[in-house]
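Chemist: Got structure-v5.cif for you, mmCIF, C-alpha atoms:
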data_model
#
loop_
_atom_site.label_atom_id
_atom_site.label_comp_id
_atom_site.auth_asym_id
_atom_site.auth_seq_id
_atom_site.Cartn_x
_atom_site.Cartn_y
_atom_site.Cartn_z
CA MET F 1 -40.69 13.27 37.59
CA ARG F 2 -38.30 16.13 36.78
CA LYS F 3 -39.10 17.96 33.55
CA PRO F 4 -36.27 17.63 30.98
CA MET F 5 -34.31 20.75 30.10
CA ALA F 6 -35.22 22.67 26.97
CA ALA F 7 -32.52 23.69 24.51
CA PRO F 8 -31.47 27.36 25.05
CA ASP F 9 -32.36 29.71 22.18
CA LEU F 10 -28.75 30.85 21.76
CA LEU F 11 -27.56 27.27 21.37
CA LEU F 12 -30.22 26.57 18.74
CA GLN F 13 -29.17 29.70 16.85
CA LEU F 14 -25.54 28.61 16.91
CA LEU F 15 -26.39 25.10 15.72
CA SER F 16 -28.42 26.42 12.80
CA ALA F 17 -25.64 28.76 11.68
CA PHE F 18 -23.30 28.04 8.79
CA GLY F 19 -19.67 27.67 9.87
CA PRO F 20 -17.28 25.02 8.56
CA SER F 21 -13.56 25.51 9.18
CA GLY F 22 -12.37 28.68 7.48
CA HIS F 23 -15.95 29.96 7.01
CA GLU F 24 -17.07 30.48 10.62
CA GLU F 25 -18.35 34.05 10.16
CA GLY F 26 -22.07 33.24 10.46
CA ALA F 27 -21.73 31.35 13.73
CA ALA F 28 -19.14 33.79 15.08
CA ARG F 29 -21.48 36.74 14.42
CA ILE F 30 -24.20 35.17 16.57
CA TRP F 31 -21.70 34.38 19.34
CA ARG F 32 -20.26 37.90 19.38
CA GLU F 33 -23.66 39.57 19.40
CA ALA F 34 -24.66 37.47 22.42
CA ALA F 35 -21.37 38.29 24.17
CA SER F 36 -21.66 42.03 23.60
CA GLY F 37 -24.34 42.32 26.26
CA PHE F 38 -21.98 41.57 29.14
CA ALA F 39 -18.35 41.39 27.95
CA GLU F 40 -15.61 43.17 25.99
CA VAL F 41 -15.73 41.51 22.57
CA THR F 42 -12.80 41.27 20.17
CA SER F 43 -11.57 38.99 17.39
CA ASP F 44 -8.32 38.17 15.60
CA THR F 45 -7.16 37.79 12.01
CA LEU F 46 -8.05 34.08 11.89
CA GLY F 47 -11.61 34.80 13.07
CA SER F 48 -11.51 33.53 16.65
CA SER F 49 -13.76 35.50 19.01
CA PHE F 50 -13.06 36.66 22.57
CA ALA F 51 -15.44 37.81 25.31
CA ARG F 52 -13.57 39.21 28.34
CA VAL F 53 -15.20 39.67 31.74
CA ARG F 54 -12.89 41.78 33.91
CA SER F 55 -12.60 41.43 37.66
CA GLY F 56 -10.05 44.11 38.49
CA GLU F 57 -6.76 45.76 37.57
CA GLY F 58 -3.88 43.28 37.27
CA ALA F 59 -6.05 40.18 37.76
CA PRO F 60 -4.81 36.91 36.26
CA THR F 61 -6.67 35.47 33.27
CA LEU F 62 -8.69 32.29 32.92
CA ALA F 63 -9.46 31.34 29.31
CA ILE F 64 -12.40 29.04 28.56
CA MET F 65 -12.17 27.84 24.97
CA GLY F 66 -14.59 25.97 22.71
CA HIS F 67 -14.10 25.83 18.96
CA ILE F 68 -16.93 27.18 16.82
CA ASP F 69 -16.13 25.58 13.46
CA GLU F 70 -17.87 22.47 12.15
CA ILE F 71 -16.95 19.83 9.60
CA GLY F 72 -18.15 20.30 6.03
CA VAL F 73 -17.25 20.00 2.36
CA VAL F 74 -15.77 22.23 -0.34
CA ILE F 75 -16.45 22.17 -4.09
CA THR F 76 -13.38 21.19 -6.12
CA ASN F 77 -14.71 20.89 -9.68
CA VAL F 78 -17.81 21.46 -11.82
CA GLU F 79 -18.41 18.56 -14.22
CA ASP F 80 -19.78 18.84 -17.76
CA ASN F 81 -23.06 17.22 -16.66
CA GLY F 82 -23.62 19.80 -13.91
CA PHE F 83 -22.62 17.55 -11.03
CA LEU F 84 -20.07 18.87 -8.51
CA SER F 85 -16.95 17.18 -7.23
CA PHE F 86 -15.99 17.88 -3.63
CA THR F 87 -13.66 17.03 -0.79
CA PRO F 88 -14.34 17.00 2.98
CA VAL F 89 -13.32 19.80 5.32
CA GLY F 90 -12.42 17.92 8.48
CA GLY F 91 -12.99 14.25 9.17
CA ILE F 92 -16.07 12.90 7.35
CA SER F 93 -16.30 9.35 6.08
CA ALA F 94 -17.79 8.58 2.67
CA ASP F 95 -20.49 6.30 4.09
CA THR F 96 -21.68 9.14 6.37
CA LEU F 97 -21.94 11.55 3.44
CA ALA F 98 -23.76 9.28 1.00
CA GLY F 99 -27.42 10.18 0.54
CA GLN F 100 -27.31 13.28 2.75
CA ARG F 101 -28.65 16.77 2.07
CA LEU F 102 -26.28 19.73 2.17
CA GLU F 103 -26.45 23.51 2.19
CA LEU F 104 -23.85 25.21 -0.01
CA LEU F 105 -22.85 28.79 0.68
CA THR F 106 -22.39 30.66 -2.60
CA ARG F 107 -21.82 34.29 -3.58
CA ASN F 108 -25.59 34.53 -4.15
CA GLY F 109 -26.50 32.96 -0.82
CA PRO F 110 -27.20 29.42 0.38
CA ILE F 111 -28.51 26.76 -2.01
CA PRO F 112 -29.72 23.20 -1.27
CA ALA F 113 -27.86 20.16 -2.55
CA ALA F 114 -27.78 16.38 -2.27
CA VAL F 115 -24.89 13.94 -2.13
CA GLY F 116 -25.29 11.23 -4.75
CA ARG F 117 -23.45 7.95 -5.12
CA LYS F 118 -22.24 6.48 -8.40
CA ARG F 119 -24.49 3.58 -9.31
CA LEU F 120 -22.59 0.30 -9.32
CA GLN F 121 -23.78 -3.00 -10.75
CA PRO F 122 -24.14 -6.01 -8.41
CA GLU F 123 -20.89 -7.57 -9.65
CA GLN F 124 -19.08 -4.29 -9.04
CA LEU F 125 -20.51 -4.03 -5.53
CA ARG F 126 -19.11 -7.46 -4.71
CA ASP F 127 -15.65 -6.19 -5.57
CA ARG F 128 -16.12 -2.80 -3.88
CA PRO F 129 -18.49 -3.15 -0.92
CA ARG F 130 -17.09 -0.08 0.82
CA ILE F 131 -18.15 3.40 -0.28
CA GLU F 132 -15.27 5.69 -1.19
CA LEU F 133 -15.25 9.47 -1.65
CA ILE F 134 -14.49 9.03 -5.34
CA ASP F 135 -17.91 7.34 -5.69
CA LEU F 136 -19.75 10.47 -4.51
CA HIS F 137 -20.83 13.70 -6.15
CA ILE F 138 -23.05 16.68 -5.29
CA ASP F 139 -26.26 17.34 -7.23
CA ILE F 140 -27.77 20.85 -7.25
CA GLY F 141 -30.24 20.14 -10.07
CA ALA F 142 -28.13 21.73 -12.80
CA LYS F 143 -28.30 20.23 -16.29
CA SER F 144 -24.88 21.38 -17.48
CA ARG F 145 -21.58 22.92 -16.45
CA GLU F 146 -22.83 26.35 -17.53
CA GLU F 147 -25.94 26.11 -15.35
CA ALA F 148 -23.94 24.87 -12.37
CA GLU F 149 -21.27 27.57 -12.73
CA ALA F 150 -23.99 30.21 -12.68
CA LEU F 151 -24.86 28.98 -9.19
CA VAL F 152 -21.61 27.86 -7.58
CA ARG F 153 -17.86 28.33 -7.80
CA VAL F 154 -15.05 25.98 -6.93
CA GLY F 155 -14.06 26.70 -3.36
CA ASP F 156 -17.64 27.20 -2.18
CA PRO F 157 -18.18 25.42 1.16
CA GLY F 158 -21.09 23.29 2.37
CA VAL F 159 -22.45 21.73 5.55
CA TRP F 160 -25.16 19.27 6.52
CA ALA F 161 -28.70 20.60 6.10
CA GLY F 162 -31.39 20.25 8.76
CA PRO F 163 -32.53 21.86 12.02
CA ALA F 164 -31.72 20.79 15.56
CA VAL F 165 -34.35 18.46 17.06
CA GLU F 166 -35.17 18.07 20.75
CA LEU F 167 -35.64 14.40 21.66
CA ALA F 168 -37.08 12.65 24.70
CA ASN F 169 -35.35 12.90 28.09
CA GLY F 170 -33.76 16.28 27.42
CA ARG F 171 -31.58 15.07 24.58
CA LEU F 172 -30.66 17.13 21.55
CA LEU F 173 -30.00 15.92 17.99
CA SER F 174 -28.18 18.18 15.56
CA LYS F 175 -25.32 18.78 13.22
CA ALA F 176 -22.39 20.76 14.63
CA LEU F 177 -22.73 19.74 18.28
CA ASP F 178 -18.99 19.34 17.66
CA ASN F 179 -18.32 21.92 18.83
CA ARG F 180 -20.93 24.64 19.01
CA LEU F 181 -21.65 23.03 22.38
CA GLY F 182 -18.22 24.06 23.65
CA ALA F 183 -18.49 27.57 22.22
CA TYR F 184 -21.91 27.99 23.83
CA ILE F 185 -20.75 26.61 27.19
CA ALA F 186 -17.73 28.94 27.29
CA LEU F 187 -19.93 31.96 26.61
CA GLU F 188 -22.69 31.01 29.05
CA ALA F 189 -20.15 30.33 31.81
CA ALA F 190 -18.61 33.78 31.22
CA ARG F 191 -22.06 35.37 31.31
CA ARG F 192 -22.90 33.80 34.65
CA ILE F 193 -19.52 34.81 36.06
CA ALA F 194 -20.15 38.38 34.93
CA GLU F 195 -23.57 38.30 36.54
CA SER F 196 -22.24 37.01 39.89
CA ARG F 197 -19.29 39.45 40.10
CA GLU F 198 -17.57 37.02 42.45
CA ALA F 199 -14.51 35.94 40.43
CA GLN F 200 -11.05 37.25 41.33
CA VAL F 201 -9.77 36.53 37.82
CA ASP F 202 -10.51 37.93 34.39
CA VAL F 203 -12.47 35.33 32.44
CA VAL F 204 -12.18 35.22 28.66
CA ALA F 205 -14.56 33.00 26.72
CA VAL F 206 -13.03 32.01 23.38
CA ALA F 207 -14.79 30.72 20.27
CA ALA F 208 -11.80 29.34 18.37
CA VAL F 209 -11.77 28.63 14.64
CA GLN F 210 -10.22 25.94 12.42
CA GLU F 211 -10.03 23.21 15.06
CA GLU F 212 -11.31 20.53 12.70
CA ILE F 213 -8.43 21.01 10.27
CA GLY F 214 -5.53 21.45 12.70
CA LEU F 215 -6.34 23.26 15.99
CA TYR F 216 -5.13 26.48 14.37
CA GLY F 217 -7.42 28.99 16.05
CA ALA F 218 -6.51 27.69 19.49
CA ARG F 219 -2.82 28.12 18.75
CA THR F 220 -3.04 31.80 17.84
CA ALA F 221 -5.71 32.60 20.44
CA ALA F 222 -3.68 31.11 23.27
CA TYR F 223 -0.53 32.90 22.10
CA GLY F 224 -2.31 36.24 21.93
CA LEU F 225 -4.09 35.88 25.26
CA ALA F 226 -1.28 34.18 27.21
CA PRO F 227 -3.74 33.25 29.99
CA ASP F 228 -2.55 32.11 33.40
CA VAL F 229 -4.78 29.03 33.18
CA ALA F 230 -7.06 27.64 30.48
CA ILE F 231 -9.89 25.13 30.14
CA ALA F 232 -10.79 23.63 26.77
CA VAL F 233 -14.37 22.40 26.31
CA ASP F 234 -15.11 19.90 23.56
CA VAL F 235 -17.22 16.85 22.75
CA THR F 236 -16.06 13.27 23.27
CA PRO F 237 -17.41 9.99 21.85
CA ALA F 238 -20.01 8.41 24.14
CA THR F 239 -19.56 4.74 25.03
CA ASP F 240 -23.28 4.06 25.68
CA VAL F 241 -23.91 2.94 22.10
CA PRO F 242 -23.47 -0.39 20.29
CA GLY F 243 -19.73 -0.92 19.94
CA GLY F 244 -18.86 1.58 22.66
CA ASP F 245 -15.93 0.37 24.76
CA ALA F 246 -15.41 1.81 28.25
CA ARG F 247 -12.12 -0.08 28.51
CA ARG F 248 -10.39 2.41 26.21
CA ALA F 249 -10.98 5.71 28.02
CA GLY F 250 -13.51 5.03 30.78
CA ARG F 251 -17.31 5.12 30.88
CA ILE F 252 -18.53 8.11 28.89
CA GLU F 253 -22.32 8.18 28.90
CA LEU F 254 -25.02 10.76 28.22
CA GLY F 255 -26.23 12.19 31.52
CA MET F 256 -23.03 11.51 33.48
CA GLY F 257 -22.24 15.23 33.64
CA ALA F 258 -18.90 16.96 33.07
CA MET F 259 -16.24 14.57 31.78
CA ILE F 260 -13.00 15.79 33.40
CA ALA F 261 -10.05 14.62 31.32
CA ARG F 262 -6.92 13.16 32.89
CA GLY F 263 -3.78 12.69 30.83
CA PRO F 264 -0.08 13.54 30.52
CA THR F 265 -0.62 16.77 28.55
CA LEU F 266 -3.12 18.18 31.05
CA ASN F 267 -1.95 20.06 34.14
CA LYS F 268 -2.46 17.87 37.23
CA HIS F 269 -3.22 20.82 39.50
CA VAL F 270 -5.93 22.09 37.14
CA THR F 271 -7.44 18.62 36.77
CA ASP F 272 -7.38 17.98 40.51
CA LEU F 273 -8.98 21.35 41.26
CA LEU F 274 -11.76 20.69 38.73
CA GLY F 275 -12.48 17.40 40.51
CA GLU F 276 -12.40 19.01 43.97
CA VAL F 277 -14.79 21.75 42.88
CA ALA F 278 -17.19 19.27 41.31
CA GLU F 279 -17.23 17.20 44.51
CA ALA F 280 -17.68 20.23 46.75
CA GLU F 281 -20.53 21.66 44.65
CA GLY F 282 -22.30 18.35 44.07
CA ILE F 283 -21.91 18.67 40.30
CA ALA F 284 -22.38 15.52 38.24
CA HIS F 285 -19.04 14.49 36.76
CA ALA F 286 -16.85 11.58 35.74
CA TYR F 287 -13.40 11.11 34.23
CA GLU F 288 -12.12 10.27 30.78
CA ILE F 289 -8.56 9.08 30.32
CA TYR F 290 -5.91 9.96 27.74
CA SER F 291 -2.50 8.33 27.48
CA ARG F 292 -1.12 10.75 24.87
CA THR F 293 -2.60 13.87 23.30
CA THR F 294 -6.34 14.64 23.35
CA SER F 295 -7.02 15.71 19.72
CA THR F 296 -8.66 18.88 21.10
CA ASP F 297 -7.64 22.53 21.41
CA ALA F 298 -6.02 21.63 24.74
CA ASP F 299 -3.13 20.10 22.77
CA GLU F 300 -2.19 23.51 21.38
CA ILE F 301 -2.98 25.62 24.43
CA HIS F 302 -0.72 23.76 26.84
CA LEU F 303 2.30 24.13 24.53
CA THR F 304 1.91 27.86 23.90
CA GLN F 305 4.77 30.19 24.89
CA ALA F 306 6.36 28.82 28.09
CA GLY F 307 3.41 26.46 28.69
CA ILE F 308 -0.09 27.29 29.88
CA PRO F 309 -1.66 25.19 32.68
CA THR F 310 -4.53 23.56 30.82
CA GLY F 311 -7.54 21.40 31.67
CA LEU F 312 -10.10 19.71 29.44
CA ILE F 313 -13.80 19.13 30.09
CA SER F 314 -15.76 17.07 27.59
CA ILE F 315 -19.41 16.60 26.67
CA PRO F 316 -20.47 12.96 26.05
CA THR F 317 -21.83 12.90 22.50
CA ARG F 318 -23.14 10.12 20.28
CA TYR F 319 -22.52 9.71 16.54
CA LEU F 320 -19.76 12.29 16.24
CA HIS F 321 -18.90 13.73 12.82
CA SER F 322 -22.33 12.93 11.45
CA PRO F 323 -25.43 15.06 10.77
CA ASN F 324 -27.15 13.40 13.74
CA GLU F 325 -24.96 13.99 16.78
CA ILE F 326 -26.80 13.59 20.11
CA CYS F 327 -26.06 14.99 23.57
CA ALA F 328 -27.86 15.37 26.90
CA LEU F 329 -28.67 18.97 27.81
CA GLU F 330 -28.18 18.25 31.51
CA ASP F 331 -24.49 17.59 30.81
CA LEU F 332 -24.12 21.11 29.40
CA GLU F 333 -25.58 22.55 32.58
CA SER F 334 -23.20 20.49 34.73
CA ILE F 335 -20.19 21.77 32.79
CA ILE F 336 -21.33 25.39 32.97
CA ARG F 337 -21.83 25.11 36.72
CA LEU F 338 -18.38 23.53 37.11
CA LEU F 339 -16.67 26.25 35.11
CA VAL F 340 -18.38 29.02 37.09
CA ALA F 341 -17.45 27.39 40.40
CA PHE F 342 -13.87 26.77 39.20
CA ALA F 343 -13.46 30.43 38.23
CA LYS F 344 -14.73 31.56 41.63
CA ARG F 345 -12.23 29.24 43.35
CA LEU F 346 -9.21 30.77 41.60
CA THR F 347 -7.17 33.43 43.42
CA GLY F 348 -4.71 36.03 42.25
CA ASP F 349 -1.72 34.19 43.73
CA GLN F 350 -2.70 30.66 42.66
CA SER F 351 0.15 28.60 41.25
CA PHE F 352 -0.09 25.66 38.86
CA VAL F 353 3.68 25.10 38.69
CA ARG F 354 4.56 21.40 38.75
#
Turn the structure described in the file into structure tokens.

Modeler:
Amino acid sequence: MRKPMAAPDLLLQLLSAFGPSGHEEGAARIWREAASGFAEVTSDTLGSSFARVRSGEGAPTLAIMGHIDEIGVVITNVEDNGFLSFTPVGGISADTLAGQRLELLTRNGPIPAAVGRKRLQPEQLRDRPRIELIDLHIDIGAKSREEAEALVRVGDPGVWAGPAVELANGRLLSKALDNRLGAYIALEAARRIAESREAQVDVVAVAAVQEEIGLYGARTAAYGLAPDVAIAVDVTPATDVPGGDARRAGRIELGMGAMIARGPTLNKHVTDLLGEVAEAEGIAHAYEIYSRTTSTDADEIHLTQAGIPTGLISIPTRYLHSPNEICALEDLESIIRLLVAFAKRLTGDQSFVR
């Protein structure tokens, strides 16, 4: 029996880092430090990070982009009783937040917190069975507004608390798999390409910011780089769970490998080449289907300037936008191998014109 993969140290460091949209500095610092060992590292005014591996003068550019921000919360008010009001940063449902532990980042460093729910009487619960955000508050143990304001300020961000956990069969449970996985994959693929020295294109790994609130980092990063071709790497909801429906976008299961996206906003030549490379290299893969946009950074990249030929590879992930997202580590390896092989297949005169 094959021994399951262990989670790479760099990935675990990225997952443990603090980095909701607009506050990605902690995660970005780890990513840039890892990139500095083999690539030219830069950043932009939004905070997106770039790691360029050069192949030669005048070579075309392949961008591999994964966003590094995670969902979170932000404090909006300090109540007289010391409780904190908040609002989500990115898409988090109230029922997912209720009863969870958080870490708040304050001017004096991180502090622990809990999300509490307003206590409702049985007759009230019959009228309001669904939890709403207005029913929730954050408790940091303060007894009064004065005590709370000595610890936090409005505008302070927070994220889920808790370390990544390695499960059976090479599966990983953690917050922020969406999308530290993509940021890690982009960087590791660039590292292996640098090590091989076989690519005829410059490869730029990108850790984009602010995806969860509007794909903003991808927009400015793609405009600044103007790559000749780009691949976005992001998570996608797995269908191998209760309620999963393969009829909507295809079978998306942990362990299936690289999910190559097909859809009207994705360049057909890029998508076809990804499939050809996966077949030729014996890399585990399958397809997910979009009929409109993808709700990933690919939606911004392909529209930048005169249009950038863009592909999308996804990681099957369970329980997205929760503190307990789960992926299969073997899928990460399949995607990294596919990206490395894809980069090596590109030539200086390759055209993706349709």

Chemist: Tell me, in Å to one decimal, how far CA of Arg219 in chain F is from CA of Ala205 in chain F.

Modeler: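 Interatomic distance, CA of Arg219 in chain F to CA of Ala205 in chain F: 15.0 Å.
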
Chemist: Going by the chain IDs and residue numbers used in this file, which residues fall under the PyMOL selection byres ((chain F and resi 319-322) around 9)? Write them as number ranges by chain.

Modeler: F: 70-71, 90-93, 96-97, 160, 174-178, 235-238, 241, 317-318, 323-326

Chemist: Grab the residues selected above and save them as a JSON list (two decimals), in the frame of the given file with C-alpha atoms.

Modeler:
[["chain", "number", "residue", "atom", "x", "y", "z"],
["F", 70, "GLU", "CA", -17.87, 22.47, 12.15],
["F", 71, "ILE", "CA", -16.95, 19.83, 9.60],
["F", 90, "GLY", "CA", -12.42, 17.92, 8.48],
["F", 91, "GLY", "CA", -12.99, 14.25, 9.17],
["F", 92, "ILE", "CA", -16.07, 12.90, 7.35],
["F", 93, "SER", "CA", -16.30, 9.35, 6.08],
["F", 96, "THR", "CA", -21.68, 9.14, 6.37],
["F", 97, "LEU", "CA", -21.94, 11.55, 3.44],
["F", 160, "TRP", "CA", -25.16, 19.27, 6.52],
["F", 174, "SER", "CA", -28.18, 18.18, 15.56],
["F", 175, "LYS", "CA", -25.32, 18.78, 13.22],
["F", 176, "ALA", "CA", -22.39, 20.76, 14.63],
["F", 177, "LEU", "CA", -22.73, 19.74, 18.28],
["F", 178, "ASP", "CA", -18.99, 19.34, 17.66],
["F", 235, "VAL", "CA", -17.22, 16.85, 22.75],
["F", 236, "THR", "CA", -16.06, 13.27, 23.27],
["F", 237, "PRO", "CA", -17.41, 9.99, 21.85],
["F", 238, "ALA", "CA", -20.01, 8.41, 24.14],
["F", 241, "VAL", "CA", -23.91, 2.94, 22.10],
["F", 317, "THR", "CA", -21.83, 12.90, 22.50],
["F", 318, "ARG", "CA", -23.14, 10.12, 20.28],
["F", 323, "PRO", "CA", -25.43, 15.06, 10.77],
["F", 324, "ASN", "CA", -27.15, 13.40, 13.74],
["F", 325, "GLU", "CA", -24.96, 13.99, 16.78],
["F", 326, "ILE", "CA", -26.80, 13.59, 20.11]]

Chemist: Please report the interatomic distance between CA of His23 in chain F and CA of Ile64 in chain F in Å with one decimal.

Modeler: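 CA of Ile64 in chain F lies at a distance of 21.9 Å from CA of His23 in chain F.
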
Chemist: List every residue of range 157-252 of chain F that has an atom at most 12 Å from any atom of range 99-115 of chain F, giving for each one its closest atom pair and the distance in Å to one decimal, counting only C-alpha atoms, sorted by chain and then by ascending residue number, as CSV.

Modeler:
residue,atom,partner,partner_atom,distance
F:Pro157,CA,F:Leu105,CA,5.8
F:Gly158,CA,F:Leu104,CA,4.1
F:Val159,CA,F:Leu102,CA,5.5
F:Trp160,CA,F:Leu102,CA,4.5
F:Ala161,CA,F:Leu102,CA,4.7
F:Gly162,CA,F:Arg101,CA,8.0
F:Pro163,CA,F:Glu103,CA,11.7
F:Lys175,CA,F:Leu102,CA,11.1

Chemist: Do a neighbour search on Arg171 in chain F at 7 Å with all atoms listed in the file, toss out local chain neighbours closer than 3 positions, and write the hits as a VMD selection string.

Modeler: chain F and resid 166 to 168 326 to 329

Chemist: Which is closer to Ile68 in chain F than all the others in F:Leu215, F:Val209, F:Leu151, F:Ile138, using all atoms listed in the file?

Modeler: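 Closest to Ile68 in chain F of all the choices is F:Val209.
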
Chemist: Any idea what the distance is between CA of Leu84 in chain F and CA of Ser16 in chain F?

Modeler: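 Separation of CA of Leu84 in chain F and CA of Ser16 in chain F: 24.1 Å.
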
Chemist: Residues proximal to (-12.7, 32.8, 25.6) were defined as those with any atom within 8 Å of that point in the file's coordinates, counting all atoms listed in the file. Which are they, as a list in words?

Modeler: Ser49, Phe50, Ala51, Arg52, Ala63, Ile64, Met65, Gly66, Ala186, Leu187, Val203, Val204, Ala205, Val206 and Ala207 of chain F

Chemist: Kindly complete range 15-29 of chain F to N, CA, C and O atoms; the output should be written as an mmCIF file, keeping the file's coordinate frame.

Modeler:
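See out_28.cif below for the written result:
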data_model
loop_
_atom_site.group_PDB
_atom_site.id
_atom_site.type_symbol
_atom_site.label_atom_id
_atom_site.label_comp_id
_atom_site.auth_asym_id
_atom_site.auth_seq_id
_atom_site.Cartn_x
_atom_site.Cartn_y
_atom_site.Cartn_z
ATOM 1 N N LEU F 15 -26.357 26.376 16.445
ATOM 2 C CA LEU F 15 -26.390 25.100 15.720
ATOM 3 C C LEU F 15 -26.929 25.270 14.311
ATOM 4 O O LEU F 15 -26.522 24.550 13.388
ATOM 5 N N SER F 16 -27.836 26.217 14.123
ATOM 6 C CA SER F 16 -28.420 26.420 12.800
ATOM 7 C C SER F 16 -27.519 27.248 11.894
ATOM 8 O O SER F 16 -27.726 27.296 10.671
ATOM 9 N N ALA F 17 -26.508 27.877 12.457
ATOM 10 C CA ALA F 17 -25.640 28.760 11.680
ATOM 11 C C ALA F 17 -24.697 27.961 10.791
ATOM 12 O O ALA F 17 -24.366 26.812 11.056
ATOM 13 N N PHE F 18 -24.254 28.625 9.731
ATOM 14 C CA PHE F 18 -23.300 28.040 8.790
ATOM 15 C C PHE F 18 -21.898 28.359 9.288
ATOM 16 O O PHE F 18 -21.595 29.503 9.596
ATOM 17 N N GLY F 19 -21.004 27.350 9.358
ATOM 18 C CA GLY F 19 -19.670 27.670 9.870
ATOM 19 C C GLY F 19 -18.655 26.567 9.815
ATOM 20 O O GLY F 19 -18.086 26.211 10.848
ATOM 21 N N PRO F 20 -18.371 25.991 8.623
ATOM 22 C CA PRO F 20 -17.280 25.020 8.560
ATOM 23 C C PRO F 20 -15.930 25.717 8.722
ATOM 24 O O PRO F 20 -15.833 26.947 8.639
ATOM 25 N N SER F 21 -14.889 24.947 8.949
ATOM 26 C CA SER F 21 -13.560 25.510 9.180
ATOM 27 C C SER F 21 -13.159 26.451 8.057
ATOM 28 O O SER F 21 -13.238 26.115 6.878
ATOM 29 N N GLY F 22 -12.753 27.661 8.441
ATOM 30 C CA GLY F 22 -12.370 28.680 7.480
ATOM 31 C C GLY F 22 -13.520 29.546 7.011
ATOM 32 O O GLY F 22 -13.304 30.546 6.314
ATOM 33 N N HIS F 23 -14.748 29.198 7.400
ATOM 34 C CA HIS F 23 -15.950 29.960 7.010
ATOM 35 C C HIS F 23 -16.872 30.119 8.216
ATOM 36 O O HIS F 23 -18.078 29.934 8.115
ATOM 37 N N GLU F 24 -16.318 30.470 9.358
ATOM 38 C CA GLU F 24 -17.070 30.480 10.620
ATOM 39 C C GLU F 24 -17.835 31.775 10.865
ATOM 40 O O GLU F 24 -18.450 31.939 11.928
ATOM 41 N N GLU F 25 -17.831 32.706 9.911
ATOM 42 C CA GLU F 25 -18.350 34.050 10.160
ATOM 43 C C GLU F 25 -19.797 34.066 10.649
ATOM 44 O O GLU F 25 -20.151 34.849 11.547
ATOM 45 N N GLY F 26 -20.663 33.231 10.066
ATOM 46 C CA GLY F 26 -22.070 33.240 10.460
ATOM 47 C C GLY F 26 -22.266 32.857 11.916
ATOM 48 O O GLY F 26 -22.990 33.525 12.666
ATOM 49 N N ALA F 27 -21.623 31.779 12.334
ATOM 50 C CA ALA F 27 -21.730 31.350 13.730
ATOM 51 C C ALA F 27 -21.040 32.337 14.659
ATOM 52 O O ALA F 27 -21.541 32.644 15.749
ATOM 53 N N ALA F 28 -19.881 32.843 14.235
ATOM 54 C CA ALA F 28 -19.140 33.790 15.080
ATOM 55 C C ALA F 28 -19.937 35.079 15.295
ATOM 56 O O ALA F 28 -19.899 35.668 16.383
ATOM 57 N N ARG F 29 -20.670 35.513 14.282
ATOM 58 C CA ARG F 29 -21.480 36.740 14.420
ATOM 59 C C ARG F 29 -22.529 36.573 15.517
ATOM 60 O O ARG F 29 -22.744 37.475 16.340
#
